[in-house]
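Below is one structure, written out as structure tokens; the observations come after it.
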Amino acid sequence: MRSRAGWTSSRTTRHLIFPPVDQALGPMLEVDGLRTSFRTPRGVVRAVDGVSLGLDRGRTLGIVGETGSGKTMLARSIMGLLPAGGRDRLGVERSGTVRFAGHDLTGLPPAQLRQVWGTQIAMVFQDPMTALNPVVRVGRQITESLRLRMGMGRSDAKETALALLSSVGIADPGRHLRSYPHELSGGMRQRVMIAIAIACGPRLLLADEPTTGLDVTIQAQILDLLADLQRERSMAMVLVTHDLGVVAGRADETAVMYAGRIVEQAATAELFAHPLMPYSQALLAAIPRLADAAGTRPKPIPGRPPDLASLAPGCRFAPRCPYARERCREADPPLVEAGSGHRFACWYPLSLEDADTPASDLGDSQGEA
Amino acid sequence: MRERTDGGVLLAYLAKRLVELTAVVFLISILAFLLVHLLPGDPSVAILGPFDTPSARAEVLRQLGLNRPLPMQYLTWLGNVLHGNLGRSFLTKQTVATTIGEAFPIDLELVVVSQVLAFAVAIPLALVAARRPNRALDRLATATTFGMLSVPAFILAVLLALVLAVEVHAFPASGFTHLSNGVIPNLKSVALGSIALAAGSVAVYFRLLRSELISTLQEDFITMARAKGLSTRYILMRHALRPSSFSLLASAGINIGSLLTGAFVVEYLFQLPGIGYQIIVSIDSRDYLMVQGMALVVAVAYVLVNFAADLLLGVLDPRVRRG
Ligand SMILES: Nc1ncnc2c1ncn2[C@@H]1O[C@H](COP(=O)(O)OP(=O)(O)OP(=O)(O)O)[C@@H](O)[C@H]1O
Ligand code: SF4
Ligand SMILES: [Mg+2]
């Protein structure tokens with residue numbers, strides 16, 4: 001009874017904020033100048049530093065970057081799901097705008113934002129070992145949002161949970177509803193996590209490393225599954241990964257993140273064929289290929305990302321960039337458009353013809369001759 | 001493991017703890033036995049004091065079977081104990097079992113009432129405080145409980161007696177009213193003692209649960225629950241409380257166990273003749289058989305309480321059942 005009432009009221013609220021999404025015009029997601037910083041005892045950490053991007057309904061945007069580049073924080077900032085001030089940090093601040101189906105999420109009071117979470121925008125968390133409650137059965141972790149957010153009764157919710165578990169490829173779903181997370185394998189936990197995220201039929205899925213740590217076969221299965229779901233539900237997806245191999249052929253567009261910023265973004269095939277920014281090129285070179293001789297490992301990018309609490313002026317990649325020059329250490333390259341939606345941030349982009357040498361003709365005359 | 005049902009896993013855990021429990025109780029019984037039998041000198045002198053009649057000594061020696069080897073004596077004693085025969089006090093002429101039977105329910109009641117009070121205050125308070133750490137309410141609760149921790153139970157007991165019994169006459173200042181004389185008078189007679197005992201427990205439980213809750217609320221699975229659009233209240237009650245309660249449970253086990261004997265100051269002040277009070281009296285009058293019986297009962301109760309806490313932990317945390 002109570003959940004019925006809750007459903008009616010939450011649905012009303014949802015409709016007040018969001019006219020049915022299919023009627024809304026324009027892109028599913030528009031992010032403009034998004035910044036998120038942590039005030040820590042060491043100084044301000046700019047985890048997300050001025051990110052703008054857009055995503056149409058039913059499409060997939062890949063976000064790639066090394067560990068610590070701010071992918072997770074970007075996804076959480078889009079959702080507005082930032083950590084509450086805890087013990088070890090002094091505070092977190094977010095600025096910029098996030099528009100979802102044309103509606104600004106950044107100004108929403110917490111109670112209304114909560115109505116968006118789960119049912120409109122959902123997230124697949126990076127680490128299913130820590131993101132599933134260890135003392136709550138898998139069943140309740142799936143059914144609770146069905147019951148509390150969708151107003152389903154106990155048996156409806158259970159039926160739906162069974163169907164969800166089968167749809168993510170879990171055999172014997174009835175038994176696994178009664179399992180605790182520690183009783184499942186890593187791949188199963190990942191599937192459960194996806195089942196939870198898609199339970200309420202979100203319009204936008206933020207999938208944070210949905211396949212990290214899984215073997216290649218299961219990885220492909222889960223990515224196929226997500227693609228199927230996307231097609232069925234015309235769901236837009238942000239696919240976060242540190243592995244460019246995952247976005248290849250799966251993301252319509254791919255954005256490369258470095259130290260809290262997007263440093264290059266293009267249609268995925270275009271990015272793979274013609275990276276303009278040396279960091280993207282280095283990431284591409286680091287993808288393991290089947291053609292590689294056995295035993296040879298792709299060379300990792302030497303050096304480490306900069307400390308976000310004390311950034312030097314100039315290009316953030318300069319300390320590790322083989323093409324860095326004087327100008328790179330003085331001024332920050334802006335994110336500019338190279339035509340046909342290919343954006344990059346580099347003073348000396350790699351030439352389109354020869355991706356191995358810096359294109360000095362595109363740079364300025366101050367560069368070393 | 002995988003094939004076993006959930007209940008099966010829990011049963012296996014239970015069986016394992018039961019074996020441990022039996023071993024501990026066995027050890028306790030040996031210690032309680034030795035308490036009397038290893039007293040230096042003539043045990044009849046130790047038990048009766050130096051000024052007793054020879055016939056009384058002969059009676060002690062006969063009752064204790066002191067002329068036989070120690071292991072045999074132990075087995076005889078254990079057999080008696082298992083039949084509820086803990087001997088008879090040479091001072092009060094009452095059986096030890098009768099005295100314990102009168103004293104122990106008082107402690108049980110004090111402990112149960114005080115712990116119900118303590119949990120009823122500490123848990124909601126910790127939930128509210130942890131929801132917004134370091135805000136006004138949290139600071140107030142933390143400071144208050146710190147104050148409660150530093151006030152010894154007996155000072156609080158005296159204050160309570162002065163205010164609630166002597167001034168307001170809301171409760172009797174002393175004495176125990178048996179349950180057979182009515183529930184309300186009975187509860188009233190233990191109320192002040194229970195409140196005095198609860199204060200320390202509230203402080204400990206609040207602080208433990210608060211800090212566990214605050215760290216649980218930092219966990220990924222809480223962020224995940226938020227991402228589902230669940231309400232803060234629901235998340236606190238259904239996701240955060242249970243995984244935050246494990247150290248509370250362990251400390252409650254130890255605390256309740258030690259309250260069974262540690263309540264003697266409160267028992268003394270409110271004239272509630274519980275076990276703690278009786279043990280002091282018995283030690284003072286060298287009534288060793290009485291001391292032995294009470295030590296045995298209290299130790300077994302202590303072990304049982306902690307066993308219960310372990311079981312509850314097994315129910316609350318599916319992960320420990322495997323261990
Ligand atoms: N709670 C926090 N307090 C302070 N700094 C934080 C916090 N969370 C994240 N950061 C910082 O923000 C930056 C971005 O972290 P984020 O987790 O988004 O990286 P990521 O790209 O997801 O990395 P990974 O591939 O390891 O998941 C890191 O430098 C990290 O140190
Ligand atoms: S701006 Fe300079 S340092 Fe930065 S990536 Fe381009 S070439 Fe390298
Ligand atoms: Mg991450």
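By order of appearance in the structure tokens: chains A, B, ..., then residues from 1 within every chain, and ligands from 1 in the order shown.
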Taking only C-alpha atoms into account and nothing else, which residues of chain B lie no more than 10 Å away from chain A? Please answer as a compact mmCIF listing (two decimals) with N, CA, C and O atoms, in the first residue's frame.
```
# COMPACT_ATOMS: atom_id res chain seq x y z
N MET B 1 31.03 -26.16 -0.04
CA MET B 1 30.35 -24.97 0.49
C MET B 1 29.20 -24.57 -0.42
O MET B 1 28.11 -24.27 0.02
N ARG B 2 29.51 -24.53 -1.71
CA ARG B 2 28.54 -24.02 -2.67
C ARG B 2 27.26 -24.83 -2.65
O ARG B 2 26.18 -24.31 -2.76
N THR B 5 23.13 -25.65 1.67
CA THR B 5 22.14 -24.59 1.79
C THR B 5 22.62 -23.57 2.80
O THR B 5 23.52 -23.83 3.59
N ASP B 6 21.96 -22.44 2.78
CA ASP B 6 22.30 -21.38 3.72
C ASP B 6 22.18 -21.85 5.16
O ASP B 6 23.06 -21.64 5.98
N ARG B 132 25.03 13.01 9.91
CA ARG B 132 25.73 14.27 9.66
C ARG B 132 26.86 14.42 10.68
O ARG B 132 26.69 15.10 11.69
N PRO B 133 27.98 13.75 10.42
CA PRO B 133 29.07 13.79 11.40
C PRO B 133 29.59 15.21 11.61
O PRO B 133 29.60 16.02 10.68
N ASN B 134 29.97 15.48 12.84
CA ASN B 134 30.58 16.76 13.21
C ASN B 134 29.63 17.94 13.14
O ASN B 134 30.06 19.08 13.28
N ILE B 214 29.93 5.75 10.46
CA ILE B 214 30.57 6.78 9.65
C ILE B 214 31.50 6.13 8.64
O ILE B 214 31.52 6.51 7.47
N SER B 215 32.22 5.10 9.06
CA SER B 215 33.11 4.51 8.06
C SER B 215 32.32 3.64 7.07
O SER B 215 32.65 3.62 5.88
N LEU B 217 29.43 4.38 5.93
CA LEU B 217 28.80 5.31 4.99
C LEU B 217 29.77 5.78 3.91
O LEU B 217 29.36 6.38 2.92
N GLN B 218 31.07 5.54 4.11
CA GLN B 218 32.05 5.88 3.08
C GLN B 218 32.19 4.76 2.05
O GLN B 218 32.91 4.91 1.06
N GLU B 219 31.56 3.62 2.31
CA GLU B 219 31.78 2.47 1.44
C GLU B 219 31.13 2.66 0.08
O GLU B 219 30.13 3.36 -0.06
N ASP B 220 31.69 1.95 -0.90
CA ASP B 220 31.14 1.95 -2.25
C ASP B 220 29.69 1.50 -2.28
O ASP B 220 28.89 2.02 -3.04
N PHE B 221 29.37 0.48 -1.47
CA PHE B 221 28.01 -0.05 -1.58
C PHE B 221 26.97 0.93 -1.07
O PHE B 221 25.79 0.83 -1.43
N ILE B 222 27.39 1.90 -0.30
CA ILE B 222 26.46 2.96 0.12
C ILE B 222 26.25 3.94 -1.05
O ILE B 222 25.13 4.34 -1.35
N THR B 223 27.35 4.29 -1.73
CA THR B 223 27.23 5.14 -2.93
C THR B 223 26.32 4.46 -3.95
O THR B 223 25.47 5.09 -4.58
N MET B 224 26.51 3.15 -4.08
CA MET B 224 25.69 2.36 -4.99
C MET B 224 24.21 2.44 -4.59
O MET B 224 23.34 2.61 -5.44
N ALA B 225 23.94 2.32 -3.29
CA ALA B 225 22.56 2.40 -2.82
C ALA B 225 21.99 3.79 -3.10
O ALA B 225 20.83 3.95 -3.49
N ARG B 226 22.84 4.82 -2.94
CA ARG B 226 22.39 6.18 -3.26
C ARG B 226 22.05 6.27 -4.74
O ARG B 226 21.07 6.90 -5.14
N ALA B 227 22.90 5.63 -5.57
CA ALA B 227 22.70 5.71 -7.02
C ALA B 227 21.39 5.06 -7.44
O ALA B 227 20.89 5.31 -8.53
N LYS B 228 20.83 4.19 -6.59
CA LYS B 228 19.54 3.59 -6.91
C LYS B 228 18.40 4.55 -6.62
O LYS B 228 17.25 4.24 -6.89
N GLY B 229 18.73 5.69 -5.98
CA GLY B 229 17.68 6.65 -5.66
C GLY B 229 16.93 6.29 -4.39
O GLY B 229 15.79 6.70 -4.21
N LEU B 230 17.56 5.51 -3.52
CA LEU B 230 16.90 5.15 -2.26
C LEU B 230 17.05 6.30 -1.27
O LEU B 230 17.98 7.08 -1.35
N SER B 231 16.13 6.36 -0.31
CA SER B 231 16.16 7.48 0.63
C SER B 231 17.27 7.27 1.66
O SER B 231 17.68 6.15 1.93
N THR B 232 17.74 8.38 2.21
CA THR B 232 18.82 8.31 3.20
C THR B 232 18.42 7.45 4.39
O THR B 232 19.20 6.65 4.90
N TYR B 234 16.26 4.96 4.46
CA TYR B 234 16.29 3.55 4.08
C TYR B 234 17.73 3.03 4.02
O TYR B 234 18.03 1.94 4.49
N ARG B 238 18.71 -0.03 6.23
CA ARG B 238 18.76 -1.31 5.55
C ARG B 238 20.11 -1.64 4.94
O ARG B 238 20.35 -2.76 4.54
N HIS B 239 20.98 -0.65 4.78
CA HIS B 239 22.29 -0.94 4.19
C HIS B 239 23.45 -0.69 5.14
O HIS B 239 24.45 -1.38 5.08
N ALA B 240 23.33 0.33 5.98
CA ALA B 240 24.49 0.72 6.78
C ALA B 240 24.48 0.10 8.17
O ALA B 240 25.53 -0.28 8.69
N ARG B 242 23.42 -2.80 9.58
CA ARG B 242 23.85 -4.17 9.84
C ARG B 242 25.36 -4.34 9.72
O ARG B 242 25.98 -4.87 10.64
N PRO B 243 25.98 -3.91 8.61
CA PRO B 243 27.43 -4.10 8.57
C PRO B 243 28.18 -3.23 9.58
O PRO B 243 29.38 -3.41 9.76
N VAL B 315 24.51 -14.83 12.23
CA VAL B 315 23.25 -14.56 11.55
C VAL B 315 23.35 -13.25 10.77
O VAL B 315 22.90 -13.14 9.63
N LEU B 316 23.98 -12.24 11.39
CA LEU B 316 24.03 -10.91 10.78
C LEU B 316 25.04 -10.83 9.64
O LEU B 316 24.84 -10.10 8.69
N ASP B 317 26.15 -11.54 9.77
CA ASP B 317 27.20 -11.43 8.76
C ASP B 317 27.40 -12.76 8.06
O ASP B 317 28.05 -13.66 8.59
N PRO B 318 26.86 -12.89 6.85
CA PRO B 318 26.96 -14.17 6.15
C PRO B 318 28.41 -14.59 5.91
O PRO B 318 28.68 -15.76 5.72
N ARG B 319 29.33 -13.64 5.95
CA ARG B 319 30.72 -13.99 5.63
C ARG B 319 31.40 -14.78 6.74
O ARG B 319 32.29 -15.57 6.48
```
Exercise. Counting only C-alpha atoms and all ligand atoms, name the residues that have an atom within 7 Å of an atom of ligand 2; the answer should be given as a list in words.
Key: Met277, Pro278, Tyr279, Cys315, Arg316, Phe317, Ala318, Cys321, Pro322, Tyr323, Ala324, Arg325, Cys328, Pro333, Ala345, Cys346, Trp347, Tyr348 and Pro349 of chain A
Print the selection's residues with all heavy atoms to a file, as a compact mmCIF listing (two decimals), in the first residue's frame.
```txt
# COMPACT_ATOMS: atom_id res chain seq x y z
N MET A 277 46.68 13.73 -30.84
CA MET A 277 47.34 14.14 -29.62
C MET A 277 48.30 13.03 -29.20
O MET A 277 47.94 11.85 -29.23
CB MET A 277 46.23 14.35 -28.58
CG MET A 277 46.56 15.27 -27.44
SD MET A 277 47.32 14.31 -26.16
CE MET A 277 47.57 15.53 -24.91
N PRO A 278 49.53 13.37 -28.84
CA PRO A 278 50.53 12.33 -28.56
C PRO A 278 50.10 11.34 -27.47
O PRO A 278 50.45 10.16 -27.54
CB PRO A 278 51.75 13.13 -28.12
CG PRO A 278 51.60 14.44 -28.78
CD PRO A 278 50.13 14.72 -28.85
N TYR A 279 49.33 11.82 -26.50
CA TYR A 279 48.91 10.90 -25.44
C TYR A 279 47.98 9.81 -25.99
O TYR A 279 48.11 8.64 -25.66
CB TYR A 279 48.23 11.67 -24.30
CG TYR A 279 47.68 10.79 -23.21
CD1 TYR A 279 48.55 10.03 -22.41
CD2 TYR A 279 46.31 10.69 -22.97
CE1 TYR A 279 48.05 9.21 -21.41
CE2 TYR A 279 45.82 9.87 -21.96
CZ TYR A 279 46.68 9.13 -21.19
OH TYR A 279 46.20 8.32 -20.21
N CYS A 315 51.07 22.35 -20.89
CA CYS A 315 50.37 21.10 -21.21
C CYS A 315 50.64 20.08 -20.11
O CYS A 315 51.76 19.88 -19.68
CB CYS A 315 50.85 20.56 -22.56
SG CYS A 315 50.18 18.94 -22.94
N ARG A 316 49.55 19.41 -19.66
CA ARG A 316 49.70 18.46 -18.55
C ARG A 316 50.48 17.21 -18.93
O ARG A 316 50.99 16.50 -18.06
CB ARG A 316 48.31 18.06 -18.04
CG ARG A 316 47.69 19.23 -17.31
CD ARG A 316 46.23 19.08 -17.09
NE ARG A 316 45.75 20.38 -16.62
CZ ARG A 316 44.72 20.56 -15.84
NH1 ARG A 316 44.01 19.52 -15.46
NH2 ARG A 316 44.36 21.75 -15.45
N PHE A 317 50.54 16.97 -20.22
CA PHE A 317 51.24 15.78 -20.68
C PHE A 317 52.72 16.06 -20.96
O PHE A 317 53.51 15.14 -21.19
CB PHE A 317 50.54 15.23 -21.94
CG PHE A 317 51.04 13.89 -22.40
CD1 PHE A 317 51.07 12.81 -21.52
CD2 PHE A 317 51.47 13.70 -23.71
CE1 PHE A 317 51.52 11.56 -21.95
CE2 PHE A 317 51.93 12.46 -24.13
CZ PHE A 317 51.95 11.39 -23.25
N ALA A 318 53.10 17.34 -20.94
CA ALA A 318 54.45 17.75 -21.35
C ALA A 318 55.58 16.93 -20.71
O ALA A 318 56.50 16.51 -21.42
CB ALA A 318 54.63 19.24 -21.11
N CYS A 321 55.75 13.79 -22.68
CA CYS A 321 55.51 13.83 -24.12
C CYS A 321 56.82 13.86 -24.89
O CYS A 321 57.67 14.71 -24.64
CB CYS A 321 54.68 15.07 -24.48
SG CYS A 321 54.32 15.21 -26.24
N PRO A 322 56.99 12.92 -25.83
CA PRO A 322 58.24 12.91 -26.60
C PRO A 322 58.36 14.12 -27.54
O PRO A 322 59.45 14.43 -28.01
CB PRO A 322 58.16 11.60 -27.38
CG PRO A 322 56.72 11.23 -27.40
CD PRO A 322 56.10 11.80 -26.17
N TYR A 323 57.25 14.79 -27.79
CA TYR A 323 57.27 15.91 -28.73
C TYR A 323 57.24 17.27 -28.03
O TYR A 323 57.08 18.30 -28.69
CB TYR A 323 56.08 15.82 -29.68
CG TYR A 323 55.87 14.44 -30.27
CD1 TYR A 323 54.87 13.61 -29.79
CD2 TYR A 323 56.70 13.99 -31.31
CE1 TYR A 323 54.68 12.34 -30.32
CE2 TYR A 323 56.51 12.71 -31.84
CZ TYR A 323 55.51 11.90 -31.35
OH TYR A 323 55.34 10.65 -31.88
N ALA A 324 57.35 17.27 -26.72
CA ALA A 324 57.17 18.52 -25.98
C ALA A 324 58.24 19.54 -26.34
O ALA A 324 59.40 19.20 -26.55
CB ALA A 324 57.20 18.25 -24.48
N ARG A 325 57.82 20.80 -26.46
CA ARG A 325 58.76 21.89 -26.72
C ARG A 325 58.53 22.99 -25.70
O ARG A 325 57.68 22.87 -24.84
CB ARG A 325 58.55 22.44 -28.13
CG ARG A 325 58.68 21.37 -29.18
CD ARG A 325 58.57 22.00 -30.52
NE ARG A 325 58.14 21.00 -31.49
CZ ARG A 325 57.93 21.28 -32.76
NH1 ARG A 325 58.07 22.53 -33.18
NH2 ARG A 325 57.55 20.35 -33.59
N CYS A 328 54.98 24.18 -24.98
CA CYS A 328 54.14 23.23 -24.26
C CYS A 328 54.25 23.44 -22.76
O CYS A 328 53.32 23.18 -22.02
CB CYS A 328 54.56 21.81 -24.59
SG CYS A 328 54.52 21.43 -26.34
N PRO A 333 47.46 23.96 -23.89
CA PRO A 333 46.77 23.93 -25.19
C PRO A 333 45.26 23.80 -25.00
O PRO A 333 44.83 22.97 -24.22
CB PRO A 333 47.35 22.69 -25.87
CG PRO A 333 47.79 21.81 -24.74
CD PRO A 333 48.20 22.72 -23.63
N ALA A 345 43.55 18.63 -27.89
CA ALA A 345 44.22 19.69 -27.15
C ALA A 345 45.72 19.44 -27.23
O ALA A 345 46.27 18.65 -26.47
CB ALA A 345 43.76 19.70 -25.69
N CYS A 346 46.37 20.09 -28.22
CA CYS A 346 47.82 19.90 -28.37
C CYS A 346 48.36 21.03 -29.24
O CYS A 346 47.73 21.42 -30.22
CB CYS A 346 48.09 18.55 -29.05
SG CYS A 346 49.85 18.26 -29.36
N TRP A 347 49.50 21.56 -28.86
CA TRP A 347 50.11 22.61 -29.68
C TRP A 347 50.72 22.03 -30.94
O TRP A 347 50.77 22.68 -31.97
CB TRP A 347 51.21 23.34 -28.90
CG TRP A 347 50.73 24.18 -27.75
CD1 TRP A 347 51.17 24.10 -26.47
CD2 TRP A 347 49.77 25.24 -27.78
NE1 TRP A 347 50.53 25.02 -25.68
CE2 TRP A 347 49.66 25.75 -26.47
CE3 TRP A 347 48.96 25.81 -28.79
CZ2 TRP A 347 48.81 26.79 -26.13
CZ3 TRP A 347 48.12 26.85 -28.44
CH2 TRP A 347 48.04 27.33 -27.13
N TYR A 348 51.17 20.81 -30.87
CA TYR A 348 51.84 20.21 -32.04
C TYR A 348 51.20 18.88 -32.39
O TYR A 348 51.77 17.81 -32.16
CB TYR A 348 53.33 20.01 -31.74
CG TYR A 348 54.00 21.28 -31.30
CD1 TYR A 348 54.34 21.49 -29.96
CD2 TYR A 348 54.28 22.28 -32.22
CE1 TYR A 348 54.93 22.67 -29.55
CE2 TYR A 348 54.86 23.47 -31.82
CZ TYR A 348 55.18 23.66 -30.48
OH TYR A 348 55.75 24.83 -30.09
N PRO A 349 49.96 18.93 -32.92
CA PRO A 349 49.27 17.67 -33.21
C PRO A 349 50.01 16.85 -34.25
O PRO A 349 50.72 17.40 -35.09
CB PRO A 349 47.91 18.13 -33.73
CG PRO A 349 48.13 19.52 -34.21
CD PRO A 349 49.19 20.11 -33.34
```
| said: Using only C-alpha atoms and all ligand atoms, which residues of the polymer chains come no farther than 12 Å from ligand 3? I'd like the answer as a PyMOL selection string. | reply: chain A and resi 47+63-76+124-127+206-210+212+239-243+257+260
Output N, CA, C and O atoms of each residue in that selection to a file, as a short mmCIF file (atom, residue, chain, number, x, y, z; two decimals), in the first residue's frame.
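Resulting contents of part_22.cif:
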```
data_model
loop_
_atom_site.label_atom_id
_atom_site.label_comp_id
_atom_site.auth_asym_id
_atom_site.auth_seq_id
_atom_site.Cartn_x
_atom_site.Cartn_y
_atom_site.Cartn_z
N ALA A 47 39.89 16.92 -9.83
CA ALA A 47 39.72 15.59 -10.41
C ALA A 47 39.07 15.67 -11.78
O ALA A 47 39.40 14.91 -12.68
N ILE A 63 34.94 6.63 -22.75
CA ILE A 63 35.87 7.52 -22.05
C ILE A 63 37.07 6.68 -21.67
O ILE A 63 36.92 5.70 -20.92
N VAL A 64 38.24 7.02 -22.20
CA VAL A 64 39.42 6.22 -21.88
C VAL A 64 40.48 7.10 -21.24
O VAL A 64 40.50 8.32 -21.43
N GLY A 65 41.36 6.49 -20.52
CA GLY A 65 42.44 7.21 -19.87
C GLY A 65 43.08 6.29 -18.85
O GLY A 65 42.50 5.30 -18.43
N GLU A 66 44.31 6.68 -18.45
CA GLU A 66 45.02 5.89 -17.46
C GLU A 66 44.32 5.97 -16.11
O GLU A 66 43.45 6.81 -15.90
N THR A 67 44.81 5.18 -15.18
CA THR A 67 44.25 5.24 -13.84
C THR A 67 44.53 6.62 -13.23
O THR A 67 45.58 7.20 -13.45
N GLY A 68 43.53 7.16 -12.55
CA GLY A 68 43.68 8.47 -11.93
C GLY A 68 43.39 9.63 -12.85
O GLY A 68 43.51 10.79 -12.45
N SER A 69 42.97 9.35 -14.10
CA SER A 69 42.75 10.46 -15.03
C SER A 69 41.41 11.15 -14.77
O SER A 69 41.13 12.19 -15.35
N GLY A 70 40.58 10.58 -13.91
CA GLY A 70 39.34 11.27 -13.54
C GLY A 70 38.10 10.70 -14.20
O GLY A 70 37.05 11.33 -14.17
N LYS A 71 38.19 9.49 -14.74
CA LYS A 71 37.05 8.90 -15.44
C LYS A 71 35.88 8.65 -14.48
O LYS A 71 34.74 9.01 -14.75
N THR A 72 36.21 8.02 -13.36
CA THR A 72 35.16 7.72 -12.40
C THR A 72 34.55 9.01 -11.85
O THR A 72 33.32 9.14 -11.75
N MET A 73 35.42 9.96 -11.55
CA MET A 73 34.90 11.22 -11.00
C MET A 73 34.06 11.95 -12.03
O MET A 73 33.09 12.61 -11.68
N LEU A 74 34.40 11.83 -13.30
CA LEU A 74 33.59 12.46 -14.34
C LEU A 74 32.20 11.82 -14.35
O LEU A 74 31.18 12.54 -14.33
N ALA A 75 32.15 10.49 -14.34
CA ALA A 75 30.86 9.80 -14.35
C ALA A 75 30.04 10.20 -13.13
O ALA A 75 28.85 10.50 -13.23
N ARG A 76 30.68 10.23 -11.97
CA ARG A 76 29.94 10.58 -10.76
C ARG A 76 29.50 12.04 -10.77
O ARG A 76 28.43 12.37 -10.25
N VAL A 124 26.89 1.67 -13.45
CA VAL A 124 27.55 0.40 -13.16
C VAL A 124 28.85 0.75 -12.46
O VAL A 124 29.68 1.45 -13.04
N PHE A 125 29.01 0.31 -11.24
CA PHE A 125 30.19 0.71 -10.48
C PHE A 125 31.41 -0.09 -10.89
O PHE A 125 31.31 -1.23 -11.33
N GLN A 126 32.56 0.55 -10.70
CA GLN A 126 33.81 0.00 -11.16
C GLN A 126 34.14 -1.34 -10.50
O GLN A 126 34.56 -2.27 -11.17
N ASP A 127 33.95 -1.43 -9.18
CA ASP A 127 34.39 -2.63 -8.48
C ASP A 127 33.21 -3.32 -7.80
O ASP A 127 32.78 -2.92 -6.74
N LEU A 206 25.74 4.93 -17.05
CA LEU A 206 27.14 5.29 -16.91
C LEU A 206 27.86 4.02 -16.46
O LEU A 206 27.74 3.59 -15.31
N ALA A 207 28.55 3.38 -17.40
CA ALA A 207 29.17 2.08 -17.10
C ALA A 207 30.65 2.30 -16.82
O ALA A 207 31.43 2.56 -17.73
N ASP A 208 31.02 2.20 -15.54
CA ASP A 208 32.39 2.48 -15.14
C ASP A 208 33.19 1.17 -15.12
O ASP A 208 33.02 0.36 -14.21
N GLU A 209 34.03 1.01 -16.12
CA GLU A 209 34.85 -0.20 -16.22
C GLU A 209 34.01 -1.46 -16.01
O GLU A 209 34.30 -2.26 -15.12
N PRO A 210 32.98 -1.66 -16.82
CA PRO A 210 32.09 -2.80 -16.54
C PRO A 210 32.77 -4.15 -16.74
O PRO A 210 32.23 -5.16 -16.33
N THR A 212 36.41 -4.67 -16.36
CA THR A 212 37.79 -4.76 -15.89
C THR A 212 38.00 -5.99 -15.01
O THR A 212 37.15 -6.32 -14.18
N LEU A 239 30.67 4.69 -21.66
CA LEU A 239 31.42 3.48 -21.37
C LEU A 239 32.83 3.87 -20.93
O LEU A 239 33.66 4.28 -21.75
N VAL A 240 33.07 3.77 -19.65
CA VAL A 240 34.36 4.20 -19.10
C VAL A 240 35.31 3.01 -19.05
O VAL A 240 34.93 1.93 -18.60
N THR A 241 36.53 3.20 -19.53
CA THR A 241 37.50 2.11 -19.47
C THR A 241 38.91 2.68 -19.56
O THR A 241 39.12 3.78 -20.06
N HIS A 242 39.88 1.92 -19.06
CA HIS A 242 41.26 2.36 -19.29
C HIS A 242 41.83 1.61 -20.48
O HIS A 242 42.99 1.77 -20.83
N ASP A 243 40.98 0.78 -21.11
CA ASP A 243 41.44 -0.12 -22.16
C ASP A 243 40.79 0.27 -23.49
O ASP A 243 39.60 0.07 -23.69
N MET A 257 40.82 10.93 -21.81
CA MET A 257 40.99 11.82 -20.66
C MET A 257 42.41 11.77 -20.15
O MET A 257 43.04 10.72 -20.13
N GLY A 260 42.21 14.83 -15.64
CA GLY A 260 40.97 15.56 -15.38
C GLY A 260 40.37 16.27 -16.58
O GLY A 260 39.36 16.96 -16.44
#
```
Of A:Thr268, A:Ser95, A:Ser310, A:Ser340, the one sitting nearest ligand 1 when using only C-alpha atoms and all ligand atoms is A:Ser310
- Message: Give me, as a ChimeraX atom specification, the residues of segment 136-320 of chain A that a backbone DSSP run labels strand (DSSP E).
- Response: /A:204-208,236-241,253-258,261-267
Item to complete: For segment 113-121 of chain B, work out the shell of residues within 8 Å, counting only C-alpha atoms and skipping chain neighbours fewer than 2 positions away, then give it as a PyMOL selection string.
Response: chain B and resi 109-111+123-125+191+194-195+197-199+201-202+205+256
Which residues, written as a PyMOL selection string, have at least one atom at most 12 Å from segment 75-86 of chain B, with only C-alpha atoms counted and residues fewer than 5 positions away on the same chain left out? chain B and resi 25-34+36-37+63-66+68-70+94-101+288-297
The residue from B:Gly8, B:Pro71, B:Pro273, B:Gly193 with the smallest atom-to-atom distance to Val158 of chain B, counting only C-alpha atoms, is B:Gly193
